[in-house]
$ cat protein-v7.txt   # compact mmCIF, C-alpha atoms (C1' of nucleotides)
# COMPACT_ATOMS: atom_id res chain seq x y z
CA MET A 99 -9.83 16.62 -36.65
CA ASN A 100 -7.59 18.51 -34.31
CA TYR A 101 -4.26 16.79 -33.86
CA GLU A 102 -2.51 19.72 -32.27
CA LEU A 103 -2.60 18.50 -28.67
CA ILE A 104 -1.36 14.99 -29.34
CA LEU A 105 1.30 16.09 -31.83
CA ASN A 106 2.55 18.68 -29.37
CA ASN A 107 2.82 16.04 -26.73
CA ILE A 108 4.98 13.97 -29.04
CA ALA A 109 7.00 16.99 -30.12
CA ARG A 110 7.97 17.62 -26.51
CA HIS A 111 9.94 14.38 -26.62
CA ILE A 112 10.91 13.62 -30.22
CA PRO A 113 11.06 15.66 -33.44
CA LEU A 114 8.94 14.32 -36.29
CA ASP A 115 9.13 15.37 -39.92
CA LYS A 116 6.08 15.76 -42.11
CA GLU A 117 6.14 12.23 -43.43
CA GLU A 118 6.52 10.65 -40.01
CA THR A 119 3.76 12.83 -38.67
CA ASP A 120 1.45 11.81 -41.48
CA TYR A 121 2.21 8.17 -40.94
CA PHE A 122 1.49 8.43 -37.24
CA VAL A 123 -1.74 10.32 -37.87
CA SER A 124 -2.81 7.69 -40.38
CA ARG A 125 -2.46 5.01 -37.70
CA ILE A 126 -4.60 6.64 -35.04
CA THR A 127 -8.36 6.78 -35.07
CA PHE A 128 -10.65 9.23 -33.44
CA ARG A 129 -13.67 8.31 -31.35
CA GLU A 130 -16.08 10.12 -29.10
CA PHE A 131 -17.44 8.49 -25.98
CA PRO A 132 -20.40 9.91 -24.11
CA LYS A 133 -20.23 10.12 -20.33
CA LYS A 134 -20.61 6.67 -18.75
CA ALA A 135 -19.62 4.79 -21.91
CA LEU A 136 -17.23 1.89 -21.41
CA LEU A 137 -14.08 1.86 -23.54
CA LEU A 138 -12.97 -1.44 -22.10
CA LYS A 139 -14.53 -4.20 -20.05
CA GLU A 140 -12.97 -6.98 -18.02
CA GLY A 141 -12.43 -10.06 -20.15
CA GLN A 142 -12.40 -8.17 -23.46
CA VAL A 143 -9.37 -8.19 -25.70
CA CYS A 144 -7.45 -5.04 -24.97
CA ASN A 145 -5.63 -4.12 -28.18
CA LEU A 146 -6.15 -0.36 -28.08
CA LEU A 147 -4.05 2.32 -26.47
CA SER A 148 -6.06 5.49 -25.89
CA TYR A 149 -5.07 9.12 -25.72
CA VAL A 150 -7.45 11.59 -24.10
CA HIS A 151 -7.88 14.68 -26.24
CA SER A 152 -10.71 16.08 -24.12
CA GLY A 153 -12.96 14.84 -21.37
CA ALA A 154 -11.87 12.34 -18.73
CA LEU A 155 -11.60 8.60 -18.29
CA ARG A 156 -11.37 6.35 -15.27
CA ALA A 157 -9.71 2.92 -15.18
CA TYR A 158 -10.88 0.62 -12.43
CA PHE A 159 -10.67 -2.91 -11.23
CA ILE A 160 -13.30 -5.09 -9.58
CA ASP A 161 -11.99 -7.77 -7.25
CA GLY A 162 -13.48 -11.14 -6.33
CA SER A 163 -15.71 -9.68 -3.63
CA GLY A 164 -17.10 -7.00 -5.93
CA LYS A 165 -15.02 -4.18 -4.49
CA GLU A 166 -14.03 -1.52 -7.00
CA SER A 167 -10.56 0.06 -6.99
CA THR A 168 -9.74 3.01 -9.20
CA ILE A 169 -6.42 2.47 -10.91
CA MET A 170 -6.11 5.83 -12.60
CA PHE A 171 -7.92 8.85 -13.90
CA ALA A 172 -6.96 10.07 -17.36
CA VAL A 173 -7.43 13.72 -18.23
CA PRO A 174 -6.61 15.56 -21.48
CA ASP A 175 -3.14 14.82 -22.85
CA TRP A 176 -2.87 11.46 -21.06
CA TRP A 177 -2.46 7.97 -22.49
CA VAL A 178 -4.31 5.09 -20.89
CA THR A 179 -5.02 1.41 -21.35
CA ASP A 180 -4.88 -1.82 -19.38
CA MET A 181 -1.17 -1.84 -20.10
CA TYR A 182 -0.38 -5.31 -18.83
CA CYS A 183 -3.06 -6.90 -20.97
CA PHE A 184 -2.39 -4.65 -23.93
CA LEU A 185 1.27 -5.62 -23.96
CA ASN A 186 0.77 -9.30 -23.29
CA GLY A 187 -2.31 -9.90 -25.39
CA ARG A 188 -4.29 -11.00 -22.35
CA PRO A 189 -7.98 -10.41 -21.76
CA ALA A 190 -8.49 -7.17 -19.85
CA MET A 191 -8.48 -7.19 -16.07
CA MET A 192 -9.85 -3.70 -15.82
CA TYR A 193 -12.68 -1.47 -16.93
CA ILE A 194 -12.18 1.91 -18.55
CA GLU A 195 -15.11 4.31 -18.59
CA ALA A 196 -15.72 7.86 -19.71
CA ILE A 197 -16.55 10.02 -16.72
CA GLU A 198 -17.31 12.93 -19.05
CA ASN A 199 -18.09 13.19 -22.74
CA SER A 200 -14.67 12.48 -24.15
CA CYS A 201 -12.74 12.78 -27.39
CA ILE A 202 -10.21 10.00 -27.72
CA PHE A 203 -7.49 8.97 -30.15
CA GLN A 204 -6.67 5.29 -30.30
CA ILE A 205 -3.92 3.18 -31.78
CA ARG A 206 -4.09 -0.57 -32.19
CA LYS A 207 -1.35 -2.76 -30.78
CA GLU A 208 -0.36 -4.10 -34.19
CA ASP A 209 -0.15 -0.59 -35.57
CA LEU A 210 1.94 0.50 -32.62
CA ASP A 211 4.30 -2.41 -33.13
CA GLU A 212 4.61 -1.45 -36.77
CA LEU A 213 5.10 2.18 -35.83
CA TYR A 214 8.11 1.18 -33.73
CA ILE A 215 9.62 -0.42 -36.79
CA LYS A 216 8.77 2.25 -39.36
CA VAL A 217 9.57 5.19 -37.08
CA PRO A 218 11.98 3.95 -34.40
CA LYS A 219 11.95 7.36 -32.75
CA PHE A 220 8.68 6.28 -31.19
CA GLU A 221 10.61 3.79 -29.12
CA ARG A 222 12.10 6.77 -27.37
CA TYR A 223 8.76 8.53 -27.04
CA PHE A 224 7.08 5.58 -25.41
CA ARG A 225 10.15 4.77 -23.35
CA ILE A 226 9.87 8.20 -21.79
CA LEU A 227 6.12 7.77 -21.29
CA MET A 228 6.68 4.43 -19.62
CA GLN A 229 9.40 5.83 -17.39
CA ASN A 230 7.05 8.53 -16.22
CA ALA A 231 4.25 6.06 -15.69
CA TYR A 232 6.58 3.79 -13.74
CA THR A 233 7.91 6.48 -11.43
CA ARG A 234 4.38 7.78 -10.89
CA GLU A 235 3.14 4.37 -9.82
CA GLN A 236 6.15 3.90 -7.61
CA LEU A 237 5.46 7.19 -5.88
CA ARG A 238 1.90 6.06 -5.36
CA VAL A 239 3.05 2.80 -3.81
CA ILE A 240 5.28 4.73 -1.42
CA GLU A 241 2.40 7.03 -0.48
CA ASN A 242 0.01 4.15 0.06
CA LEU A 243 2.52 2.42 2.30
CA SER A 244 3.63 5.36 4.35
CA LEU A 245 0.73 7.79 4.67
CA PRO A 246 -2.63 7.56 6.44
CA ALA A 247 -5.77 8.08 4.39
CA LYS A 248 -6.24 11.68 5.37
CA GLU A 249 -2.87 12.76 4.02
CA ARG A 250 -3.30 10.69 0.89
CA TYR A 251 -6.54 12.55 0.32
CA ASN A 252 -4.87 15.92 0.79
CA ASN A 253 -2.07 14.91 -1.57
CA PHE A 254 -4.62 13.84 -4.12
CA LEU A 255 -6.34 17.23 -3.94
CA ASP A 256 -3.00 19.00 -4.31
CA LYS A 257 -1.76 16.85 -7.15
CA TYR A 258 -4.93 16.49 -9.17
CA PRO A 259 -7.18 19.47 -8.39
CA HIS A 260 -8.69 19.33 -11.87
CA ILE A 261 -9.60 15.68 -11.44
CA ALA A 262 -11.03 16.26 -7.98
CA ARG A 263 -13.49 18.70 -9.51
CA VAL A 264 -14.76 16.19 -12.04
CA VAL A 265 -15.12 12.92 -10.17
CA THR A 266 -17.39 11.72 -7.37
CA LEU A 267 -16.19 11.16 -3.82
CA LYS A 268 -16.93 7.50 -4.21
CA GLN A 269 -14.44 7.36 -7.07
CA ILE A 270 -11.82 9.26 -5.11
CA ALA A 271 -12.35 6.90 -2.17
CA SER A 272 -11.80 3.91 -4.44
CA TYR A 273 -8.62 5.53 -5.77
CA LEU A 274 -7.33 6.03 -2.23
CA GLY A 275 -8.34 2.54 -1.17
CA ILE A 276 -10.86 3.60 1.46
CA THR A 277 -14.64 3.48 1.74
CA PRO A 278 -16.82 6.46 0.77
CA GLU A 279 -18.10 6.59 4.35
CA PHE A 280 -14.62 6.96 5.72
CA LEU A 281 -13.70 9.59 3.15
CA SER A 282 -16.77 11.48 4.23
CA ALA A 283 -15.57 11.30 7.84
CA ILE A 284 -12.13 12.52 6.81
CA ARG A 285 -13.61 15.50 5.03
CA LYS A 286 -15.74 16.41 8.02
CA SER A 287 -12.71 16.36 10.32
CA LYS A 288 -10.75 18.88 8.25
CA MET B 1308 34.35 -10.45 -15.85
CA ASN B 1309 31.31 -12.50 -16.68
CA TYR B 1310 28.93 -10.61 -18.92
CA GLU B 1311 26.85 -13.57 -19.93
CA LEU B 1312 23.87 -12.93 -17.69
CA ILE B 1313 23.43 -9.29 -18.55
CA LEU B 1314 24.05 -9.78 -22.27
CA ASN B 1315 21.55 -12.60 -22.34
CA ASN B 1316 19.01 -10.37 -20.70
CA ILE B 1317 19.51 -7.83 -23.43
CA ALA B 1318 19.51 -10.49 -26.15
CA ARG B 1319 16.05 -11.57 -25.06
CA HIS B 1320 14.77 -8.19 -26.24
CA ILE B 1321 17.11 -6.84 -28.91
CA PRO B 1322 19.84 -8.36 -31.11
CA LEU B 1323 23.28 -6.77 -30.75
CA ASP B 1324 26.23 -7.25 -33.06
CA LYS B 1325 29.79 -7.55 -31.80
CA GLU B 1326 30.55 -3.85 -32.05
CA GLU B 1327 27.40 -2.79 -30.25
CA THR B 1328 28.03 -5.34 -27.56
CA ASP B 1329 31.56 -4.10 -27.06
CA TYR B 1330 30.40 -0.55 -26.85
CA PHE B 1331 27.79 -1.41 -24.24
CA VAL B 1332 30.27 -3.42 -22.22
CA SER B 1333 32.74 -0.53 -22.34
CA ARG B 1334 30.11 1.73 -20.77
CA ILE B 1335 29.27 -0.44 -17.76
CA THR B 1336 31.44 -0.87 -14.72
CA PHE B 1337 31.59 -3.72 -12.29
CA ARG B 1338 31.49 -3.37 -8.53
CA GLU B 1339 31.16 -5.67 -5.57
CA PHE B 1340 29.24 -4.64 -2.50
CA PRO B 1341 29.48 -6.53 0.77
CA LYS B 1342 26.32 -7.31 2.69
CA LYS B 1343 24.96 -4.17 4.38
CA ALA B 1344 26.81 -1.75 2.09
CA LEU B 1345 24.82 1.21 0.83
CA LEU B 1346 24.80 1.80 -2.94
CA LEU B 1347 22.72 4.92 -2.57
CA LYS B 1348 21.69 7.20 0.26
CA GLU B 1349 18.92 9.75 0.50
CA GLY B 1350 20.12 13.15 -0.66
CA GLN B 1351 22.98 11.80 -2.78
CA VAL B 1352 23.11 12.38 -6.50
CA CYS B 1353 21.67 9.33 -8.16
CA ASN B 1354 23.36 9.05 -11.54
CA LEU B 1355 23.87 5.28 -11.63
CA LEU B 1356 21.58 2.56 -12.87
CA SER B 1357 22.49 -0.80 -11.35
CA TYR B 1358 22.08 -4.33 -12.62
CA VAL B 1359 22.29 -7.19 -10.14
CA HIS B 1360 24.55 -9.95 -11.42
CA SER B 1361 24.51 -11.86 -8.14
CA GLY B 1362 23.42 -11.22 -4.59
CA ALA B 1363 20.44 -9.07 -3.67
CA LEU B 1364 19.61 -5.43 -3.09
CA ARG B 1365 16.82 -3.64 -1.30
CA ALA B 1366 15.53 -0.17 -2.10
CA TYR B 1367 13.74 1.61 0.71
CA PHE B 1368 12.36 4.92 1.74
CA ILE B 1369 12.31 6.61 5.14
CA ASP B 1370 9.43 9.00 5.74
CA GLY B 1371 9.23 12.06 7.96
CA SER B 1372 8.38 10.05 11.06
CA GLY B 1373 11.28 7.64 10.53
CA LYS B 1374 9.16 4.81 9.17
CA GLU B 1375 10.88 2.65 6.60
CA SER B 1376 9.04 1.36 3.51
CA THR B 1377 10.65 -1.16 1.20
CA ILE B 1378 10.13 -0.12 -2.39
CA MET B 1379 11.62 -3.13 -4.07
CA PHE B 1380 13.95 -6.05 -3.76
CA ALA B 1381 16.36 -6.67 -6.62
CA VAL B 1382 17.65 -10.16 -7.25
CA PRO B 1383 19.99 -11.43 -9.99
CA ASP B 1384 19.08 -10.23 -13.48
CA TRP B 1385 17.20 -7.16 -12.22
CA TRP B 1386 17.86 -3.49 -12.82
CA VAL B 1387 17.37 -1.03 -9.99
CA THR B 1388 17.85 2.63 -9.12
CA ASP B 1389 15.90 5.51 -7.66
CA MET B 1390 14.38 5.92 -11.12
CA TYR B 1391 12.63 9.21 -10.55
CA CYS B 1392 15.76 10.91 -9.27
CA PHE B 1393 18.00 9.17 -11.79
CA LEU B 1394 15.87 10.41 -14.67
CA ASN B 1395 15.29 13.88 -13.35
CA GLY B 1396 18.72 14.56 -11.88
CA ARG B 1397 17.26 15.03 -8.41
CA PRO B 1398 18.89 14.07 -5.14
CA ALA B 1399 17.89 10.57 -4.17
CA MET B 1400 14.76 10.01 -2.09
CA MET B 1401 15.61 6.43 -1.35
CA TYR B 1402 18.30 4.19 0.04
CA ILE B 1403 19.63 1.14 -1.76
CA GLU B 1404 21.51 -1.44 0.27
CA ALA B 1405 23.05 -4.81 -0.38
CA ILE B 1406 21.26 -7.46 1.64
CA GLU B 1407 23.82 -10.03 0.55
CA ASN B 1408 27.32 -9.78 -0.87
CA SER B 1409 26.50 -8.61 -4.35
CA CYS B 1410 28.07 -8.28 -7.77
CA ILE B 1411 26.70 -5.29 -9.63
CA PHE B 1412 27.07 -3.71 -13.05
CA GLN B 1413 26.43 0.00 -13.25
CA ILE B 1414 25.93 2.51 -16.00
CA ARG B 1415 26.07 6.26 -15.54
CA LYS B 1416 23.19 8.42 -16.68
CA GLU B 1417 25.31 10.33 -19.18
CA ASP B 1418 26.62 7.09 -20.64
CA LEU B 1419 23.12 5.74 -20.91
CA ASP B 1420 21.97 8.89 -22.69
CA GLU B 1421 24.85 8.50 -25.08
CA LEU B 1422 24.10 4.82 -25.51
CA TYR B 1423 20.59 5.71 -26.68
CA ILE B 1424 22.14 7.90 -29.37
CA LYS B 1425 24.93 5.58 -30.48
CA VAL B 1426 22.84 2.39 -30.32
CA PRO B 1427 19.18 3.40 -30.64
CA LYS B 1428 18.10 -0.20 -30.21
CA PHE B 1429 18.60 0.36 -26.51
CA GLU B 1430 15.61 2.67 -26.59
CA ARG B 1431 13.55 -0.43 -27.28
CA TYR B 1432 15.31 -2.47 -24.63
CA PHE B 1433 14.68 0.07 -21.92
CA ARG B 1434 11.18 0.79 -23.17
CA ILE B 1435 10.34 -2.84 -22.60
CA LEU B 1436 12.01 -2.80 -19.20
CA MET B 1437 10.07 0.30 -18.23
CA GLN B 1438 6.81 -1.21 -19.46
CA ASN B 1439 7.38 -4.24 -17.28
CA ALA B 1440 8.33 -2.09 -14.32
CA TYR B 1441 5.23 0.03 -14.82
CA THR B 1442 2.80 -2.86 -15.03
CA ARG B 1443 4.45 -4.52 -12.03
CA GLU B 1444 4.00 -1.40 -9.93
CA GLN B 1445 0.43 -1.04 -11.11
CA LEU B 1446 -0.33 -4.59 -10.09
CA ARG B 1447 1.17 -3.83 -6.72
CA VAL B 1448 -1.03 -0.75 -6.31
CA ILE B 1449 -4.09 -2.84 -7.13
CA GLU B 1450 -3.06 -5.48 -4.61
CA ASN B 1451 -2.39 -2.92 -1.92
CA LEU B 1452 -5.79 -1.35 -2.49
CA SER B 1453 -7.87 -4.46 -2.73
CA LEU B 1454 -6.30 -7.12 -0.52
CA PRO B 1455 -5.88 -7.43 3.25
CA ALA B 1456 -2.37 -7.86 4.63
CA LYS B 1457 -2.63 -11.61 5.03
CA GLU B 1458 -3.32 -12.20 1.35
CA ARG B 1459 -0.67 -9.73 0.29
CA TYR B 1460 1.77 -11.73 2.36
CA ASN B 1461 0.71 -14.99 0.75
CA ASN B 1462 0.99 -13.43 -2.69
CA PHE B 1463 4.45 -12.21 -1.84
CA LEU B 1464 5.54 -15.70 -0.83
CA ASP B 1465 4.11 -17.13 -4.04
CA LYS B 1466 5.57 -14.49 -6.29
CA TYR B 1467 9.02 -14.09 -4.74
CA PRO B 1468 9.87 -17.31 -2.90
CA HIS B 1469 13.58 -16.77 -3.55
CA ILE B 1470 13.44 -13.30 -2.01
CA ALA B 1471 11.45 -14.50 0.97
CA ARG B 1472 14.28 -16.86 1.79
CA VAL B 1473 16.88 -14.10 1.83
CA VAL B 1474 15.26 -11.19 3.64
CA THR B 1475 14.14 -10.59 7.20
CA LEU B 1476 10.50 -10.50 8.24
CA LYS B 1477 10.93 -6.88 9.17
CA GLN B 1478 11.89 -6.13 5.57
CA ILE B 1479 8.95 -8.09 4.21
CA ALA B 1480 6.63 -6.24 6.59
CA SER B 1481 7.95 -2.93 5.36
CA TYR B 1482 7.39 -4.08 1.76
CA LEU B 1483 3.81 -4.99 2.57
CA GLY B 1484 3.20 -1.79 4.47
CA ILE B 1485 2.54 -3.40 7.85
CA THR B 1486 4.43 -3.60 11.14
CA PRO B 1487 6.69 -6.55 11.95
CA GLU B 1488 4.48 -7.31 14.94
CA PHE B 1489 1.44 -7.60 12.77
CA LEU B 1490 3.23 -9.76 10.23
CA SER B 1491 4.21 -12.03 13.07
CA ALA B 1492 0.56 -12.30 14.09
CA ILE B 1493 -0.44 -13.09 10.51
CA ARG B 1494 2.11 -15.87 10.32
CA LYS B 1495 0.91 -17.39 13.54
CA SER B 1496 -2.68 -17.44 12.33
CA LYS B 1497 -1.87 -19.45 9.19
C1' DC C 284 -42.06 16.00 -9.42
C1' DG C 285 -40.24 11.63 -8.70
C1' DT C 286 -36.45 8.52 -8.99
C1' DC C 287 -31.85 7.28 -8.68
C1' DT C 288 -27.45 7.85 -6.94
C1' DA C 289 -24.15 10.32 -4.07
C1' DT C 290 -23.08 11.73 0.40
C1' DT C 291 -23.52 11.87 5.32
C1' DT C 292 -24.37 10.01 9.95
C1' DG C 293 -23.95 6.76 13.66
C1' DA C 294 -23.28 2.35 16.04
C1' DA C 295 -20.93 -1.87 16.20
C1' DT C 296 -16.96 -4.44 14.59
C1' DG C 297 -12.61 -5.71 12.69
C1' DT C 298 -8.07 -4.79 11.16
C1' DA C 299 -3.76 -3.03 12.07
C1' DC C 300 -0.76 -0.15 15.19
C1' DT C 301 1.88 1.25 19.51
C1' DC C 302 4.44 0.19 23.31
C1' DA C 303 6.73 -2.76 26.36
C1' DA C 304 8.82 -6.87 27.21
C1' DA C 305 10.24 -11.61 26.49
C1' DA C 306 12.25 -15.12 23.67
C1' DG C 307 15.23 -16.65 19.96
C1' DC C 308 19.35 -16.44 17.17
C1' DG C 309 23.80 -15.26 15.23
C1' DG C 310 28.06 -13.54 15.65
C1' DT C 311 32.11 -12.16 18.35
C1' DG C 312 35.61 -12.05 21.73
C1' DG C 313 37.61 -13.98 25.69
C1' DC D 874 33.56 -23.43 23.53
C1' DC D 875 30.93 -20.56 26.17
C1' DA D 876 29.07 -16.03 27.49
C1' DC D 877 27.44 -11.96 26.10
C1' DC D 878 25.70 -8.47 22.90
C1' DG D 879 22.74 -6.82 19.47
C1' DC D 880 19.18 -7.59 16.46
C1' DT D 881 15.05 -10.20 14.90
C1' DT D 882 10.86 -12.26 16.05
C1' DT D 883 7.10 -13.18 19.11
C1' DT D 884 3.57 -12.07 22.60
C1' DG D 885 0.06 -9.38 24.79
C1' DA D 886 -2.61 -5.43 26.28
C1' DG D 887 -4.57 -1.24 25.01
C1' DT D 888 -5.68 1.98 21.23
C1' DA D 889 -6.46 4.05 16.75
C1' DC D 890 -7.75 3.69 12.14
C1' DA D 891 -10.92 2.02 8.88
C1' DT D 892 -14.95 -1.02 7.66
C1' DT D 893 -19.76 -2.75 7.64
C1' DC D 894 -24.46 -2.09 7.77
C1' DA D 895 -28.51 0.56 8.03
C1' DA D 896 -30.75 4.66 7.45
C1' DA D 897 -31.29 9.62 6.72
C1' DT D 898 -30.34 13.55 3.72
C1' DA D 899 -28.96 15.89 -0.29
C1' DG D 900 -28.27 16.43 -5.33
C1' DA D 901 -28.72 15.43 -10.19
C1' DC D 902 -31.40 14.35 -14.04
C1' DG D 903 -35.17 13.04 -16.89
$ encode --input "protein-v7.txt" --output "structure tokens"
Amino acid sequence: MNYELILNNIARHIPLDKEETDYFVSRITFREFPKKALLLKEGQVCNLLSYVHSGALRAYFIDGSGKESTIMFAVPDWWVTDMYCFLNGRPAMMYIEAIENSCIFQIRKEDLDELYIKVPKFERYFRILMQNAYTREQLRVIENLSLPAKERYNNFLDKYPHIARVVTLKQIASYLGITPEFLSAIRKSK
Amino acid sequence: MNYELILNNIARHIPLDKEETDYFVSRITFREFPKKALLLKEGQVCNLLSYVHSGALRAYFIDGSGKESTIMFAVPDWWVTDMYCFLNGRPAMMYIEAIENSCIFQIRKEDLDELYIKVPKFERYFRILMQNAYTREQLRVIENLSLPAKERYNNFLDKYPHIARVVTLKQIASYLGITPEFLSAIRKSK
DNA sequence: CGTCTATTTGAATGTACTCAAAAGCGGTGG
DNA sequence: CCACCGCTTTTGAGTACATTCAAATAGACG
């Protein structure tokens, strides 16, 4: 198994010695998911935090009326889970699917909690991750509130060009909170 | 000074001994802000993280066309800052104002960074805070994407009844991402 | 090649905005 | 204590942004 990517990610934030590294590696498991596979389904227990080594995932939510909203795309070197349910031991509210064949590392909640105790440095690592996730979501809220769909689409293309290449327009539309038909109209008007 | 509220908040997540408590207390400063005072202005350096002991704050953003979007309201026992700029040492993108006479504790970024080193338990404390902030923002994104304004307004009233009592309708509208006129229409139609 | 899904097109509709103005409300000074 | 000022909230008409529904077209995959 190739741990280079994930260990480098960690090394950018905290230094780990050999023993700590080994312990961490012993707590994560590797899985491959073919395109279209579901990693998580609404209602399931969500006790896994996933790291994308390669491929791409999409987290989405289906509301009462059946409308799908994309919460996030996860590309290589990203962590993803239904964080609220993962942290609070609640049944998942969201779906997570592979939008490409994907190689994923996963850690279980109980192992993560133990990791915090055995190697407290990981508190810092995940604090930083959570800070980044928080500020990213906040920026997205601001964008959603203050920009019309067309500019949100342009921003999306600028910010995530690699994702835009991989996903369908329908999925982008559901990330932006508009219908595929309207996104199509936006694209035509450019 | 009355540190009970803030120390209790911390105690709910991590245990501190006397020495650690004293050190923390020595790093925070107390300030009062009268209603309408600005704690932070766009463009200013944002090197303070604020905790609301009493009163209420509002963080907002003004876009290119002059439109104001409320990012968050902070009521007693909440932490608030322009997190992105605080963490990255960038000039502030947002404004933070007191919407009531408010008592605030503040910690400077450098002191916080030192606190993490001297009392690593605070890594855990702020990790948990950041997790909660992240999942809250994510929930808000989902709501904004999937619900019409009327339901977002009802949710807001349910979730933050105490805030709804304190702020103007204009401020609520700007939190929901709609115009005051439209919020007024929504209210009439109830 | 045929089937399934993604994307586009267009018409009709609904949701939310702009602008202008009136009404309500709170504070302040005479 | 009243009159006035400034700001919030409401109202209404006209408009723009975004959706729904139905159907045509284009692409992807077995």
$ atom_distance --input "protein-v7.txt" --atom1 "atom CA of Gln1478 of chain B" --atom2 "atom CA of Thr1377 of chain B"
6.7 Å
$ interface_residues --input "protein-v7.txt" --of "chain A" --to "chain C" --cutoff "9 Å" --atoms "all atoms listed in the file" --output "PyMOL selection string"
chain A and resi 266-268+278-279+282-283
$ write_last_selection --input "protein-v7.txt" --atoms "C-alpha atoms" --output "PDB file, in the coordinates of the input"
ATOM      1  CA  THR A 266     -17.390  11.720  -7.370  1.00  0.00           C
ATOM      2  CA  LEU A 267     -16.190  11.160  -3.820  1.00  0.00           C
ATOM      3  CA  LYS A 268     -16.930   7.500  -4.210  1.00  0.00           C
ATOM      4  CA  PRO A 278     -16.820   6.460   0.770  1.00  0.00           C
ATOM      5  CA  GLU A 279     -18.100   6.590   4.350  1.00  0.00           C
ATOM      6  CA  SER A 282     -16.770  11.480   4.230  1.00  0.00           C
ATOM      7  CA  ALA A 283     -15.570  11.300   7.840  1.00  0.00           C
TER       8      ALA A 283
END
$ atom_distance --input "protein-v7.txt" --atom1 "atom CA of Gly1396 of chain B" --atom2 "atom CA of His111 of chain A"
17.2 Å
$ atom_distance --input "protein-v7.txt" --atom1 "atom CA of Ala1381 of chain B" --atom2 "atom CA of Asp1420 of chain B"
23.1 Å
$ interface_residues --input "protein-v7.txt" --of "chain A" --to "chain D" --cutoff "9 Å" --atoms "only C-alpha atoms (C1' of nucleotides)" --output "list in words"
Pro246, Ile276, Thr277, Glu279 and Phe280 of chain A
$ closest_residue --input "protein-v7.txt" --among "B:Glu1450, B:Glu1326, B:Glu1444, B:Glu1417" --to "chain A" --atoms "all atoms listed in the file"
B:Glu1444
$ interface_residues --input "protein-v7.txt" --of "chain A" --to "chain B" --cutoff "6 Å" --atoms "all atoms listed in the file" --output "PyMOL selection string"
chain A and resi 182+221-222+225+228-229+232-233+235+239+243+275
$ write_last_selection --input "protein-v7.txt" --atoms "C-alpha atoms" --output "compact mmCIF listing (two decimals), in the frame of the given file"
# COMPACT_ATOMS: atom_id res chain seq x y z
CA TYR A 182 -0.38 -5.31 -18.83
CA GLU A 221 10.61 3.79 -29.12
CA ARG A 222 12.10 6.77 -27.37
CA ARG A 225 10.15 4.77 -23.35
CA MET A 228 6.68 4.43 -19.62
CA GLN A 229 9.40 5.83 -17.39
CA TYR A 232 6.58 3.79 -13.74
CA THR A 233 7.91 6.48 -11.43
CA GLU A 235 3.14 4.37 -9.82
CA VAL A 239 3.05 2.80 -3.81
CA LEU A 243 2.52 2.42 2.30
CA GLY A 275 -8.34 2.54 -1.17
$ residues_near_point --input "protein-v7.txt" --point "(-24.4, 12.0, -20.6)" --cutoff "12 Å" --atoms "only C-alpha atoms (C1' of nucleotides)" --output "list in words"
Phe131, Pro132, Lys133, Lys134, Ala135, Gly153, Ala196, Ile197, Glu198, Asn199 and Ser200 of chain A; DA901, DC902 and DG903 of chain D
$ closest_residue --input "protein-v7.txt" --among "A:Glu249, A:Asp256, A:Ser148, A:Ile104" --to "Glu195 of chain A" --atoms "all atoms listed in the file"
A:Ser148
$ build_atoms --input "protein-v7.txt" --residues "segment 145-154 of chain A" --atoms "N, CA and C atoms" --output "CSV table (one decimal), in the frame of the given file"
chain,number,residue,atom,x,y,z
A,145,ASN,N,-6.7,-4.4,-27.2
A,145,ASN,CA,-5.6,-4.1,-28.2
A,145,ASN,C,-5.6,-2.7,-28.6
A,146,LEU,N,-6.2,-1.8,-27.8
A,146,LEU,CA,-6.2,-0.4,-28.1
A,146,LEU,C,-5.5,0.4,-27.0
A,147,LEU,N,-4.6,1.4,-27.4
A,147,LEU,CA,-4.0,2.3,-26.5
A,147,LEU,C,-4.7,3.6,-26.7
A,148,SER,N,-5.2,4.3,-25.7
A,148,SER,CA,-6.1,5.5,-25.9
A,148,SER,C,-5.4,6.7,-25.4
A,149,TYR,N,-5.6,7.8,-26.1
A,149,TYR,CA,-5.1,9.1,-25.7
A,149,TYR,C,-6.3,10.0,-25.5
A,150,VAL,N,-6.3,10.7,-24.4
A,150,VAL,CA,-7.4,11.6,-24.1
A,150,VAL,C,-7.2,13.0,-24.7
A,151,HIS,N,-8.0,13.3,-25.7
A,151,HIS,CA,-7.9,14.7,-26.2
A,151,HIS,C,-8.7,15.7,-25.4
A,152,SER,N,-9.9,15.3,-25.0
A,152,SER,CA,-10.7,16.1,-24.1
A,152,SER,C,-11.6,15.2,-23.3
A,153,GLY,N,-12.1,15.7,-22.2
A,153,GLY,CA,-13.0,14.8,-21.4
A,153,GLY,C,-12.1,14.2,-20.3
A,154,ALA,N,-12.6,13.0,-19.8
A,154,ALA,CA,-11.9,12.3,-18.7
A,154,ALA,C,-12.3,10.9,-18.7
